[in-house]
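The structure file target18.csv is reproduced below (CSV, C-alpha atoms).
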```
chain,number,residue,atom,x,y,z
R,1041,GLY,CA,118.1,97.7,77.2
R,1042,GLY,CA,116.1,100.1,75.1
R,1043,ALA,CA,117.4,102.3,72.3
R,1044,GLY,CA,119.7,104.9,73.6
R,1045,GLU,CA,119.6,103.5,77.2
R,1046,ARG,CA,122.8,104.0,79.2
R,1047,LYS,CA,124.0,100.9,81.1
R,1048,SER,CA,126.9,100.2,83.2
R,1049,MET,CA,128.7,97.1,81.9
R,1050,ARG,CA,131.4,95.2,83.6
R,1051,ARG,CA,134.4,93.5,82.1
R,1052,PRO,CA,134.4,90.8,80.6
R,1053,HIS,CA,130.7,90.1,80.5
R,1054,GLY,CA,129.4,92.9,78.3
R,1055,PHE,CA,132.2,93.3,75.8
R,1056,ALA,CA,133.9,91.1,73.1
R,1057,PRO,CA,137.3,89.8,74.0
R,1058,GLY,CA,140.3,91.7,72.8
R,1059,GLN,CA,138.9,95.2,73.5
R,1060,ASP,CA,140.9,95.9,76.8
R,1061,HIS,CA,142.9,98.6,75.1
R,1062,LEU,CA,139.7,100.5,74.1
R,1063,LEU,CA,138.1,100.1,77.5
R,1064,ASP,CA,141.3,101.3,79.3
R,1065,ALA,CA,141.3,104.4,77.1
R,1066,ALA,CA,137.7,105.3,77.9
R,1067,PRO,CA,137.2,108.4,80.1
R,1068,GLN,CA,136.5,107.6,83.8
R,1069,ALA,CA,133.3,108.8,85.5
R,1070,ALA,CA,133.8,111.1,88.5
R,1071,PHE,CA,133.4,109.2,91.8
R,1072,VAL,CA,130.9,110.9,94.2
R,1073,PRO,CA,130.9,109.4,97.7
R,1074,LYS,CA,127.5,108.8,99.4
R,1075,PRO,CA,126.7,111.1,102.3
R,1076,LYS,CA,127.1,109.4,105.7
R,1077,GLY,CA,124.0,107.9,107.1
R,1078,SER,CA,122.4,107.2,103.7
R,1079,GLY,CA,122.7,103.4,104.1
R,1080,SER,CA,119.8,101.3,105.2
R,1081,SER,CA,120.1,99.8,108.7
R,1082,LYS,CA,118.5,96.5,107.6
R,1083,GLY,CA,120.4,96.3,104.3
R,1084,ARG,CA,117.4,96.3,102.1
R,1085,LYS,CA,116.1,98.8,99.6
R,1086,SER,CA,112.9,100.7,100.2
R,1087,SER,CA,110.6,102.1,97.6
R,1088,VAL,CA,108.9,104.4,100.1
R,1089,GLN,CA,109.7,108.1,100.0
R,1090,GLN,CA,112.1,109.0,102.8
R,1091,SER,CA,112.8,112.6,101.9
R,1092,GLY,CA,111.0,114.2,104.8
R,1093,PRO,CA,107.5,115.5,105.2
R,1094,GLY,CA,105.9,116.9,102.0
R,1095,PRO,CA,103.0,119.1,101.4
R,1096,VAL,CA,99.9,118.1,103.3
R,1097,PRO,CA,96.6,118.4,101.4
R,1098,VAL,CA,93.8,120.6,102.6
R,1099,GLY,CA,91.4,118.6,104.8
R,1100,ALA,CA,94.0,116.0,106.0
R,1101,VAL,CA,93.2,114.6,109.4
R,1102,GLN,CA,95.4,112.9,112.0
R,1103,ALA,CA,94.8,109.5,113.6
R,1104,ILE,CA,96.7,107.2,115.9
R,1105,THR,CA,98.2,104.0,114.4
R,1106,ALA,CA,97.9,100.6,116.0
R,1107,GLY,CA,101.5,101.1,117.3
R,1108,GLY,CA,100.6,104.5,118.9
R,1109,ARG,CA,102.1,106.8,116.3
R,1110,VAL,CA,100.4,109.9,114.8
R,1111,ALA,CA,99.6,109.4,111.2
R,1112,THR,CA,98.4,112.3,109.0
R,1113,ILE,CA,95.9,110.8,106.6
R,1114,LEU,CA,96.6,112.4,103.3
R,1115,GLU,CA,93.7,110.7,101.4
R,1116,ARG,CA,91.2,107.9,101.5
R,1117,LYS,CA,91.6,105.3,98.8
R,1118,GLN,CA,89.4,102.4,97.7
R,1119,ARG,CA,88.6,99.3,99.7
R,1120,GLY,CA,89.6,100.7,103.1
R,1121,TRP,CA,93.1,101.9,102.2
R,1122,PHE,CA,94.5,105.3,103.3
R,1123,ALA,CA,97.6,107.2,102.1
R,1124,VAL,CA,99.3,108.4,105.3
R,1125,GLU,CA,102.4,110.2,106.4
R,1126,LEU,CA,103.9,109.0,109.7
R,1127,ASP,CA,105.2,111.2,112.5
R,1128,GLY,CA,108.9,111.9,113.2
R,1129,ASN,CA,109.4,108.8,115.4
R,1130,ALA,CA,110.7,105.8,113.6
R,1131,ASN,CA,109.7,102.3,114.7
R,1132,ASP,CA,108.7,98.9,113.2
R,1133,GLU,CA,105.6,100.6,111.6
R,1134,GLY,CA,107.8,102.8,109.4
R,1135,GLY,CA,110.5,105.5,109.3
R,1136,ALA,CA,110.2,109.1,110.5
R,1137,GLY,CA,108.0,111.1,108.1
R,1138,GLU,CA,107.5,108.0,105.9
R,1139,ARG,CA,104.6,108.0,103.4
R,1140,LYS,CA,102.8,104.7,103.0
R,1141,SER,CA,99.5,103.0,102.6
R,1142,MET,CA,97.6,101.6,105.6
R,1143,ARG,CA,94.4,99.7,105.8
R,1144,ARG,CA,91.5,99.9,108.2
R,1145,PRO,CA,91.2,98.2,110.7
R,1146,HIS,CA,94.7,96.7,111.0
R,1147,GLY,CA,96.8,99.9,110.7
R,1148,PHE,CA,94.9,102.2,113.1
R,1149,ALA,CA,93.9,102.1,116.7
R,1150,PRO,CA,90.2,101.2,117.4
R,1151,GLY,CA,87.5,103.9,117.8
R,1152,GLN,CA,88.7,106.3,115.1
R,1153,ASP,CA,86.2,105.5,112.4
R,1154,HIS,CA,84.8,109.1,112.5
R,1155,LEU,CA,88.3,110.5,111.8
R,1156,LEU,CA,89.0,108.0,109.0
R,1157,ASP,CA,85.7,108.7,107.4
R,1158,ALA,CA,86.5,112.5,107.5
R,1159,ALA,CA,89.7,112.1,105.5
R,1160,PRO,CA,89.7,113.6,101.9
R,1161,GLN,CA,88.7,111.1,99.2
R,1162,ALA,CA,91.3,110.3,96.5
R,1163,ALA,CA,90.5,111.4,93.0
R,1164,PHE,CA,89.0,108.4,91.1
R,1165,VAL,CA,90.7,107.7,87.8
R,1166,PRO,CA,88.7,105.4,85.6
R,1167,LYS,CA,90.4,102.6,83.6
R,1168,PRO,CA,90.7,103.1,79.8
R,1169,LYS,CA,87.8,101.5,77.8
R,1170,GLY,CA,90.0,98.8,76.2
R,1171,SER,CA,91.6,97.5,79.4
R,1172,GLY,CA,88.7,95.2,80.6
R,1173,SER,CA,88.7,91.4,80.3
R,1174,SER,CA,88.1,90.0,76.8
R,1175,LYS,CA,85.6,87.3,77.5
R,1176,GLY,CA,84.2,85.8,74.4
R,1177,ARG,CA,86.7,87.5,72.2
R,1178,LYS,CA,89.3,85.8,70.1
R,1179,SER,CA,93.0,85.9,71.0
R,1180,SER,CA,94.7,89.3,70.9
R,1181,VAL,CA,97.5,88.1,68.7
R,1182,GLN,CA,97.6,90.3,65.6
R,1183,GLN,CA,98.5,89.1,62.1
R,1184,SER,CA,100.7,91.5,60.2
R,1185,GLY,CA,100.1,90.0,56.8
R,1186,PRO,CA,100.5,86.6,55.1
R,1187,GLY,CA,102.8,84.1,56.9
R,1188,PRO,CA,106.2,82.9,55.6
R,1189,VAL,CA,106.4,81.5,52.1
R,1190,PRO,CA,107.1,77.7,52.2
R,1191,VAL,CA,110.3,76.5,50.7
R,1192,GLY,CA,109.9,75.4,47.1
R,1193,ALA,CA,106.9,77.6,46.3
```
In structure tokens, write the structure found in this file.
Amino acid sequence: GGAGERKSMRRPHGFAPGQDHLLDAAPQAAFVPKPKGSGSSKGRKSSVQQSGPGPVPVGAVQAITAGGRVATILERKQRGWFAVELDGNANDEGGAGERKSMRRPHGFAPGQDHLLDAAPQAAFVPKPKGSGSSKGRKSSVQQSGPGPVPVGA
């Protein structure tokens, strides 16, 4: 880990042998049980926000998904992608109130192009100048000074 990073370490993997007496004397962290119903039904972790509906931006429109759910379109992204917040009914498309990205035409029911085009455009953030490809340039390895001195010099 990085400098000052706190990590959980298990015995015996992260510690030198013969330190059991020190580890046993260390203060114990308070155990806080998880609230009931916080576990995932499929046993996998999700990186999508599940904290309930958040603020909806001005100009957001609603459309019907391919599975028949109501999706509030928060913003229009590039290349046909949309940031949406699903309704309160969970199904195979996503959880109740889940925020996710969906793409036209696969994620939405047909005949809603006028609604999708009316969604607010996402703010464009240009890439920094130095992040482009380096065609024709030499390797980006930097020399910090003369190399090692050979033995016997």
List every protein, DNA or RNA residue that has at least one atom no more than 10 Å from (97.4, 104.9, 106.1) in the file's coordinates, counting only C-alpha atoms, and write the result as a PDB file with C-alpha atoms, in the frame of the given file.
```
ATOM      1  CA  ALA R1103      94.800 109.500 113.600  1.00  0.00           C
ATOM      2  CA  THR R1105      98.200 104.000 114.400  1.00  0.00           C
ATOM      3  CA  ALA R1111      99.600 109.400 111.200  1.00  0.00           C
ATOM      4  CA  THR R1112      98.400 112.300 109.000  1.00  0.00           C
ATOM      5  CA  ILE R1113      95.900 110.800 106.600  1.00  0.00           C
ATOM      6  CA  LEU R1114      96.600 112.400 103.300  1.00  0.00           C
ATOM      7  CA  GLU R1115      93.700 110.700 101.400  1.00  0.00           C
ATOM      8  CA  ARG R1116      91.200 107.900 101.500  1.00  0.00           C
ATOM      9  CA  LYS R1117      91.600 105.300  98.800  1.00  0.00           C
ATOM     10  CA  GLY R1120      89.600 100.700 103.100  1.00  0.00           C
ATOM     11  CA  TRP R1121      93.100 101.900 102.200  1.00  0.00           C
ATOM     12  CA  PHE R1122      94.500 105.300 103.300  1.00  0.00           C
ATOM     13  CA  ALA R1123      97.600 107.200 102.100  1.00  0.00           C
ATOM     14  CA  VAL R1124      99.300 108.400 105.300  1.00  0.00           C
ATOM     15  CA  GLU R1125     102.400 110.200 106.400  1.00  0.00           C
ATOM     16  CA  LEU R1126     103.900 109.000 109.700  1.00  0.00           C
ATOM     17  CA  ARG R1139     104.600 108.000 103.400  1.00  0.00           C
ATOM     18  CA  LYS R1140     102.800 104.700 103.000  1.00  0.00           C
ATOM     19  CA  SER R1141      99.500 103.000 102.600  1.00  0.00           C
ATOM     20  CA  MET R1142      97.600 101.600 105.600  1.00  0.00           C
ATOM     21  CA  ARG R1143      94.400  99.700 105.800  1.00  0.00           C
ATOM     22  CA  ARG R1144      91.500  99.900 108.200  1.00  0.00           C
ATOM     23  CA  HIS R1146      94.700  96.700 111.000  1.00  0.00           C
ATOM     24  CA  GLY R1147      96.800  99.900 110.700  1.00  0.00           C
ATOM     25  CA  PHE R1148      94.900 102.200 113.100  1.00  0.00           C
ATOM     26  CA  LEU R1156      89.000 108.000 109.000  1.00  0.00           C
TER      27      LEU R1156
END
```
Review point. At what distance in Å, to one decimal, does atom CA of Ala1149 of chain R lie from atom CA of Ala1106 of chain R?
Key: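 Taking atom CA of Ala1106 of chain R and atom CA of Ala1149 of chain R, their separation equals 4.3 Å.
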**Study point:** Atomic distance atom CA of Val1110 of chain R - atom CA of Gly1135 of chain R, expressed in Å with one decimal
**Key:** 12.3 Å
Exercise for review: Could you tell me how far atom CA of Gly1151 of chain R lies from atom CA of Gly1134 of chain R, in Å and to one decimal?
Suggested key: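 Separation between atom CA of Gly1151 of chain R and atom CA of Gly1134 of chain R: 22.0 Å.
Restricting the calculation to only C-alpha atoms, the smallest distance between Gln1102 of chain R and any of R:Glu1138, R:Pro1188, R:Asp1127, R:Phe1164 is found for R:Asp1127.
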